[in-house]
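Heads up: the structure comes next, in structure tokens.
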Amino acid sequence: MNEIGRLGRAVLIGFPYAWFGLFFLLPLLIVLKIALGRSADAIPPYISPLSWSHGGLAFDPTLANFRDILCGGCMRAYGASLGTAALATVLCLLAGYPIAYAIWRSPPLWRNLLLFLVMLPFWTSFLIRVYAWMAILQPSGLLNRVLLAAGLIEAPVPLLYNGFSLQLGLLYSYLPFMILPIYGSLSQLDEALLEAAADLGARPWRVLAEVVVPLSLPGIGAGALLVFVPAVGEFVIPDLLAGPGNLMIGKLLWAQFFENRDWPEAAAIAVLMVAGLAVPILVAQRVIGRERPA
Amino acid sequence: MSRPASGRWLRAVVLGFGFGFLYLPILLLVIYSFNGSRLVTVWGGASLRWYGVLAGDDKFRAAALTSLEVGALSASAAVAIGGCAGFSLSRFGRFHGRALFGFLLLAPLVVPEIILGLSLLLLFVAAQSWIGWPPRGILTIVIAHATFASCYVAVLVRAQLAGFDRALEEAALDLGARPATVLLRITLPGISPALVSGWLLAFTLSLDDVVVASFVSGPSSTTLPMAVYSSVRIGVTPEINALATVFLGLVLAVMTAAGWAIARQERRRRAPDTGARRGRG
């Protein structure tokens with residue numbers, strides 16, 4: 001475009017480009033560098049694999065950090081994170097699909113209000129929403145007292161700091177991210193198709209299973225991605241709601257960095273996480289790139 | 001399509017459970033903020049006791065001021081960066097490095113925040129040993145927040161520009177306006193809704209972040225989420241309930257104001273624009 005001129009164009013592209021190069025790409029390269037370095041009792045606590053010596057650049061990398069994380073408990077934590085995130089995705093789908101469907105089948109006047117109500121919690125603090133569950137799930141919390149009063153249990157059951165509270169927290173925090181894309185897919189669906197299927201004698205459940213769900217697969221895919229990817233690297237929810245048995249990779253990275261001050265190993269875990277997430281990220285770029293042609 | 005009564009009933013049950021699940025915990029949190037008891041779970045009569053405790057708590061007040069400052073600065077920076085980025089991607093077609101540019105603007109949305117925080121901290125540590133700058137504190141949190149928030153702004157700006165009528169810009173150019181004037185007087189007002197909602201979104205994201213800020217902040221700069229987090233980690237206290245209620249009230253007020261402004265703008269846009277035309281004619 002020549003209306004704005006060469007200089008304007010260079011500034012408009014160059015400014016964000018330089019920013020992201022400096023504050024996103026370069027930091028990731030530094031993480032990679034430190035992951036190849038050695039831990040040391042110094043400030044900062046590592047020895048860089050790159051150094052100037054005898055007037056030349058010396059490159060002395062080590063794969064020890066990767067060896068450590070591949071052998072140690074880290075792979076177990078990584079596997080546990082993937083499993084936890086997968087379960088959370090399935091739970092969000094099972095809870096989110098009926099809600100998205102019910103919103104879609106509501107009278108048009110209601111739809112926008114209901115969608116707004118789905119989005120509203122997103123604007124409130126995530127930390128506050130997780131905290132709200134801590135109070136409910138405590139041994140003396142509301143849920144235990146309701147269950148006791150109903151005679152369903154005889155003594156308070158541990159609801160907090162285990163796999164149950166972890167999944168509940170993930171479901172609660174990520175549910176809107178599943179509902180919105182599914183609703184987006186459903187809203188583009190031609191209702192005449194439903195009438196046609198019904199006219200041809202399909203029962204409502206069959207219309208749902210054979211027409212509606214297959215046509216909303218793009219929304220399900222987008223929702224699954226939006227839940228799964230952040231859930232793998234989630235730190236706050238596992239830290240506040242999960243117990244010692246629920247190892248997550250994000251928590252491990254945090255502990256290595258802040259508690260053990262092993263920066264190279266924390267960096268190696270980060271590299272492993274990025275590598276593992278590269279596939280869904282590339283898929284996301286494809287999908288979003290197709291939706292918004294330039 | 002005829003809707004059987006059973007379907008309507010089922011729909012009401014699903015929506016009731018769904019929204020009950022989403023809103024009951026928040027509602028309970030608000031109710032228990034007015035609890036007179038020291039225990040979060042036992043009702044000790046209605047009281048404003050915890051609001052008093054909160055008002056006298058310097059730790060949270062200082063953290064709230066830090067958060068407001070970080071949020072306003074990073075949101076403004078994010079609008080500038082994301083606005084340029086969204087405009088470039090939407091208007092300049094193919095240019096050298098466009099694929100990498102698109103990737104850089106998308107990746108921070110999906111990279112876990114713990115990695116964003118770690119990588120930026122390592123950058124700041126390295127920069128400090130090379131050039132002695134920047135000191136870790138408000139500035140580094142602002143840079144970190146602006147980086148990931150500008151990706152959201154870019155998405156909003158691109159979406160707005162996709163629906164923007166370019167005939168307006170062309171008409172202005174034909175009438176002899178200089179390109180820079182067109183950009184400032186036609187295009188910029190045209191994408192202002194995306195910039196405003198982008199600013200609000202960036203501000204909210206900044207106010208919500210605990211992980212990235214924990215990595216890049218310095219010893220003297222604690223944001224509100226960081227203060228809440230360290231207090232919640234120890235256990236639940238009614239003071240946090242009061243803080244959460246104040247926060248929710250503010251969010252609701254801002255949302256209502258923003259919704260009202262958007263609705264008013266929408267009405268004005270839809271109304272026949274005879275007045276405007278006469279005025280300028």
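Chain labels run A, B, ... following the order of the structure tokens; each chain numbers its residues from 1, and ligands are numbered from 1 in the order shown.
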Would you please extract all alpha helix (DSSP H) residues from range 60-148 of chain B, as assigned by DSSP on the backbone, and give them as a compact mmCIF listing (two decimals) with N, CA and C atoms, in the first residue's frame?
# COMPACT_ATOMS: atom_id res chain seq x y z
N PHE B 60 -2.38 -4.55 50.94
CA PHE B 60 -3.26 -4.67 49.79
C PHE B 60 -3.44 -3.33 49.09
N ARG B 61 -3.44 -2.22 49.87
CA ARG B 61 -3.64 -0.93 49.23
C ARG B 61 -2.46 -0.61 48.32
N ALA B 62 -1.24 -0.86 48.81
CA ALA B 62 -0.06 -0.59 47.98
C ALA B 62 -0.07 -1.48 46.74
N ALA B 63 -0.45 -2.75 46.95
CA ALA B 63 -0.46 -3.67 45.82
C ALA B 63 -1.50 -3.25 44.79
N ALA B 64 -2.66 -2.76 45.27
CA ALA B 64 -3.71 -2.35 44.34
C ALA B 64 -3.23 -1.16 43.50
N LEU B 65 -2.53 -0.22 44.14
CA LEU B 65 -2.02 0.94 43.39
C LEU B 65 -0.99 0.50 42.34
N THR B 66 -0.09 -0.42 42.75
CA THR B 66 0.88 -0.95 41.79
C THR B 66 0.17 -1.59 40.61
N SER B 67 -0.87 -2.39 40.90
CA SER B 67 -1.59 -3.08 39.84
C SER B 67 -2.27 -2.11 38.89
N LEU B 68 -2.86 -1.05 39.44
CA LEU B 68 -3.53 -0.07 38.59
C LEU B 68 -2.52 0.61 37.67
N GLU B 69 -1.37 0.94 38.24
CA GLU B 69 -0.34 1.59 37.44
C GLU B 69 0.16 0.66 36.33
N VAL B 70 0.48 -0.59 36.72
CA VAL B 70 0.96 -1.56 35.74
C VAL B 70 -0.12 -1.80 34.67
N GLY B 71 -1.37 -1.94 35.12
CA GLY B 71 -2.45 -2.22 34.17
C GLY B 71 -2.64 -1.10 33.18
N ALA B 72 -2.65 0.16 33.65
CA ALA B 72 -2.87 1.29 32.74
C ALA B 72 -1.71 1.43 31.76
N LEU B 73 -0.49 1.33 32.26
CA LEU B 73 0.68 1.49 31.38
C LEU B 73 0.76 0.36 30.37
N SER B 74 0.57 -0.88 30.85
CA SER B 74 0.74 -2.00 29.91
C SER B 74 -0.40 -2.03 28.90
N ALA B 75 -1.62 -1.64 29.32
CA ALA B 75 -2.73 -1.63 28.37
C ALA B 75 -2.49 -0.58 27.29
N SER B 76 -1.97 0.58 27.67
CA SER B 76 -1.69 1.62 26.67
C SER B 76 -0.60 1.16 25.70
N ALA B 77 0.45 0.55 26.23
CA ALA B 77 1.51 0.04 25.36
C ALA B 77 0.97 -1.06 24.45
N ALA B 78 0.11 -1.93 25.01
CA ALA B 78 -0.43 -3.03 24.21
C ALA B 78 -1.29 -2.51 23.07
N VAL B 79 -2.05 -1.42 23.32
CA VAL B 79 -2.88 -0.85 22.25
C VAL B 79 -1.98 -0.30 21.14
N ALA B 80 -0.87 0.36 21.52
CA ALA B 80 0.04 0.89 20.51
C ALA B 80 0.67 -0.24 19.69
N ILE B 81 1.20 -1.25 20.39
CA ILE B 81 1.89 -2.34 19.68
C ILE B 81 0.89 -3.17 18.88
N GLY B 82 -0.18 -3.59 19.56
CA GLY B 82 -1.16 -4.45 18.91
C GLY B 82 -1.90 -3.72 17.79
N GLY B 83 -2.11 -2.41 17.97
CA GLY B 83 -2.77 -1.63 16.91
C GLY B 83 -1.93 -1.62 15.65
N CYS B 84 -0.64 -1.32 15.79
CA CYS B 84 0.27 -1.33 14.64
C CYS B 84 0.31 -2.71 14.01
N ALA B 85 0.42 -3.74 14.86
CA ALA B 85 0.56 -5.10 14.35
C ALA B 85 -0.70 -5.53 13.61
N GLY B 86 -1.87 -5.28 14.21
CA GLY B 86 -3.11 -5.67 13.57
C GLY B 86 -3.32 -4.93 12.26
N PHE B 87 -2.97 -3.63 12.25
CA PHE B 87 -3.10 -2.84 11.02
C PHE B 87 -2.17 -3.38 9.93
N SER B 88 -0.92 -3.67 10.30
CA SER B 88 0.03 -4.19 9.32
C SER B 88 -0.45 -5.50 8.72
N LEU B 89 -0.90 -6.40 9.58
CA LEU B 89 -1.31 -7.71 9.09
C LEU B 89 -2.54 -7.61 8.21
N SER B 90 -3.41 -6.67 8.53
CA SER B 90 -4.66 -6.60 7.80
C SER B 90 -4.52 -5.80 6.50
N ARG B 91 -3.60 -4.82 6.46
CA ARG B 91 -3.56 -3.89 5.33
C ARG B 91 -2.38 -4.05 4.38
N ARG B 98 6.32 -11.90 6.81
CA ARG B 98 4.94 -11.85 7.28
C ARG B 98 4.55 -13.12 8.04
N ALA B 99 5.03 -14.28 7.56
CA ALA B 99 4.67 -15.54 8.21
C ALA B 99 5.20 -15.56 9.65
N LEU B 100 6.47 -15.13 9.80
CA LEU B 100 7.06 -15.09 11.15
C LEU B 100 6.31 -14.08 12.02
N PHE B 101 5.94 -12.95 11.41
CA PHE B 101 5.20 -11.91 12.12
C PHE B 101 3.88 -12.47 12.67
N GLY B 102 3.15 -13.17 11.79
CA GLY B 102 1.88 -13.77 12.21
C GLY B 102 2.09 -14.77 13.33
N PHE B 103 3.17 -15.54 13.21
CA PHE B 103 3.47 -16.54 14.23
C PHE B 103 3.80 -15.87 15.57
N LEU B 104 4.61 -14.82 15.51
CA LEU B 104 5.00 -14.12 16.75
C LEU B 104 3.79 -13.51 17.45
N LEU B 105 2.77 -13.12 16.65
CA LEU B 105 1.60 -12.50 17.26
C LEU B 105 0.63 -13.52 17.80
N LEU B 106 0.76 -14.77 17.34
CA LEU B 106 -0.18 -15.80 17.78
C LEU B 106 0.40 -16.62 18.92
N ALA B 107 1.70 -16.89 18.84
CA ALA B 107 2.33 -17.82 19.78
C ALA B 107 2.14 -17.44 21.25
N PRO B 108 2.29 -16.15 21.62
CA PRO B 108 2.12 -15.83 23.05
C PRO B 108 0.73 -16.17 23.58
N LEU B 109 -0.26 -16.29 22.69
CA LEU B 109 -1.60 -16.64 23.14
C LEU B 109 -1.67 -18.08 23.61
N VAL B 110 -0.80 -18.93 23.08
CA VAL B 110 -0.88 -20.35 23.42
C VAL B 110 0.29 -20.85 24.26
N GLU B 113 1.79 -19.33 30.36
CA GLU B 113 2.29 -18.09 30.96
C GLU B 113 3.54 -18.32 31.79
N ILE B 114 3.68 -19.54 32.32
CA ILE B 114 4.85 -19.83 33.14
C ILE B 114 6.12 -19.74 32.29
N ILE B 115 5.99 -20.08 30.99
CA ILE B 115 7.15 -20.00 30.09
C ILE B 115 7.39 -18.56 29.67
N LEU B 116 6.30 -17.80 29.43
CA LEU B 116 6.47 -16.37 29.13
C LEU B 116 7.21 -15.69 30.28
N GLY B 117 6.78 -16.00 31.50
CA GLY B 117 7.40 -15.37 32.66
C GLY B 117 8.86 -15.76 32.79
N LEU B 118 9.14 -17.05 32.70
CA LEU B 118 10.51 -17.53 32.85
C LEU B 118 11.42 -16.92 31.79
N SER B 119 10.96 -16.94 30.52
CA SER B 119 11.83 -16.48 29.44
C SER B 119 12.10 -14.98 29.57
N LEU B 120 11.07 -14.21 29.93
CA LEU B 120 11.29 -12.77 30.07
C LEU B 120 12.22 -12.46 31.24
N LEU B 121 12.06 -13.21 32.33
CA LEU B 121 12.95 -12.97 33.46
C LEU B 121 14.40 -13.25 33.05
N LEU B 122 14.61 -14.36 32.32
CA LEU B 122 15.98 -14.68 31.90
C LEU B 122 16.52 -13.60 30.99
N LEU B 123 15.65 -13.02 30.14
CA LEU B 123 16.08 -11.91 29.28
C LEU B 123 16.50 -10.71 30.14
N PHE B 124 15.65 -10.37 31.12
CA PHE B 124 15.94 -9.19 31.94
C PHE B 124 17.22 -9.41 32.75
N VAL B 125 17.41 -10.63 33.25
CA VAL B 125 18.64 -10.92 34.00
C VAL B 125 19.85 -10.77 33.10
N ALA B 126 19.74 -11.30 31.87
CA ALA B 126 20.86 -11.21 30.93
C ALA B 126 21.12 -9.75 30.56
N ALA B 127 20.02 -9.00 30.29
CA ALA B 127 20.19 -7.60 29.89
C ALA B 127 20.85 -6.80 31.01
N GLN B 128 20.50 -7.16 32.24
CA GLN B 128 21.06 -6.43 33.36
C GLN B 128 22.57 -6.66 33.47
N SER B 129 23.00 -7.89 33.15
CA SER B 129 24.44 -8.13 33.24
C SER B 129 25.17 -7.55 32.03
N TRP B 130 24.46 -7.36 30.90
CA TRP B 130 25.13 -6.78 29.73
C TRP B 130 25.17 -5.26 29.80
N ILE B 131 23.96 -4.67 30.02
CA ILE B 131 23.90 -3.21 29.94
C ILE B 131 23.41 -2.56 31.23
N ILE B 138 8.28 -2.33 38.32
CA ILE B 138 7.08 -2.01 37.55
C ILE B 138 7.36 -2.04 36.06
N LEU B 139 8.51 -1.50 35.65
CA LEU B 139 8.82 -1.44 34.22
C LEU B 139 8.84 -2.84 33.59
N THR B 140 9.49 -3.79 34.26
CA THR B 140 9.59 -5.12 33.66
C THR B 140 8.21 -5.80 33.61
N ILE B 141 7.38 -5.57 34.63
CA ILE B 141 6.03 -6.17 34.59
C ILE B 141 5.24 -5.55 33.44
N VAL B 142 5.39 -4.23 33.26
CA VAL B 142 4.66 -3.56 32.17
C VAL B 142 5.08 -4.14 30.82
N ILE B 143 6.38 -4.32 30.61
CA ILE B 143 6.86 -4.88 29.34
C ILE B 143 6.27 -6.27 29.13
N ALA B 144 6.29 -7.09 30.18
CA ALA B 144 5.79 -8.47 30.05
C ALA B 144 4.30 -8.47 29.74
N HIS B 145 3.54 -7.68 30.47
CA HIS B 145 2.09 -7.67 30.24
C HIS B 145 1.75 -7.09 28.87
N ALA B 146 2.46 -6.04 28.47
CA ALA B 146 2.19 -5.43 27.16
C ALA B 146 2.44 -6.45 26.06
N THR B 147 3.46 -7.31 26.25
CA THR B 147 3.79 -8.26 25.19
C THR B 147 2.65 -9.24 24.95
N PHE B 148 2.13 -9.88 26.01
CA PHE B 148 1.08 -10.86 25.69
C PHE B 148 -0.26 -10.20 25.42
Which residues of chain A are close to chain B, meaning at most 6 Å apart when you count only C-alpha atoms, and how do they look as a list in words?
Glu3, Ile4, Leu12, Ile13, Pro16, Pro27, Leu28, Val31, Ala102, Ser125, Ala132, Gly141, Glu195, Pro230, Gly233 and Ala294 of chain A
Who sits within 12 Å of Gly163 in chain A, only C-alpha atoms, same chain under 3 positions skipped, as a list in words
Ala80, Ser81, Gly83, Thr84, Ala85, Leu87, Ala88, Pro158, Leu159, Leu160, Leu166, Gln167, Leu168, Gly169, Leu170, Ile237, Pro238, Asp239, Leu240, Leu241, Ala242, Gly243, Pro244, Gly245, Asn246, Leu247 and Met248 of chain A
Store the residues picked out above, limited to C-alpha atoms, as an mmCIF file, in the first residue's frame.
data_model
loop_
_atom_site.group_PDB
_atom_site.id
_atom_site.type_symbol
_atom_site.label_atom_id
_atom_site.label_comp_id
_atom_site.auth_asym_id
_atom_site.auth_seq_id
_atom_site.Cartn_x
_atom_site.Cartn_y
_atom_site.Cartn_z
ATOM 1 C CA ALA A 80 0.490 -36.590 34.405
ATOM 2 C CA SER A 81 -0.026 -33.051 33.058
ATOM 3 C CA GLY A 83 -3.441 -36.835 31.290
ATOM 4 C CA THR A 84 -4.911 -34.192 33.599
ATOM 5 C CA ALA A 85 -5.354 -31.752 30.722
ATOM 6 C CA LEU A 87 -9.432 -35.359 31.281
ATOM 7 C CA ALA A 88 -10.202 -31.675 31.873
ATOM 8 C CA PRO A 158 -11.421 -34.622 51.905
ATOM 9 C CA LEU A 159 -12.565 -32.621 48.902
ATOM 10 C CA LEU A 160 -9.661 -30.208 48.677
ATOM 11 C CA LEU A 166 -7.948 -30.075 40.651
ATOM 12 C CA GLN A 167 -10.390 -31.208 37.967
ATOM 13 C CA LEU A 168 -13.196 -29.132 39.434
ATOM 14 C CA GLY A 169 -10.978 -26.041 39.342
ATOM 15 C CA LEU A 170 -9.916 -26.696 35.761
ATOM 16 C CA ILE A 237 -4.932 -24.120 39.796
ATOM 17 C CA PRO A 238 -2.711 -27.134 40.611
ATOM 18 C CA ASP A 239 -0.789 -25.078 43.135
ATOM 19 C CA LEU A 240 -3.909 -23.941 44.994
ATOM 20 C CA LEU A 241 -6.270 -26.889 44.570
ATOM 21 C CA ALA A 242 -4.231 -30.026 43.877
ATOM 22 C CA GLY A 243 -2.499 -32.175 46.445
ATOM 23 C CA PRO A 244 1.056 -33.453 46.607
ATOM 24 C CA GLY A 245 0.064 -36.488 44.569
ATOM 25 C CA ASN A 246 -1.036 -34.446 41.560
ATOM 26 C CA LEU A 247 2.258 -33.592 39.946
ATOM 27 C CA MET A 248 2.053 -31.048 37.129
#
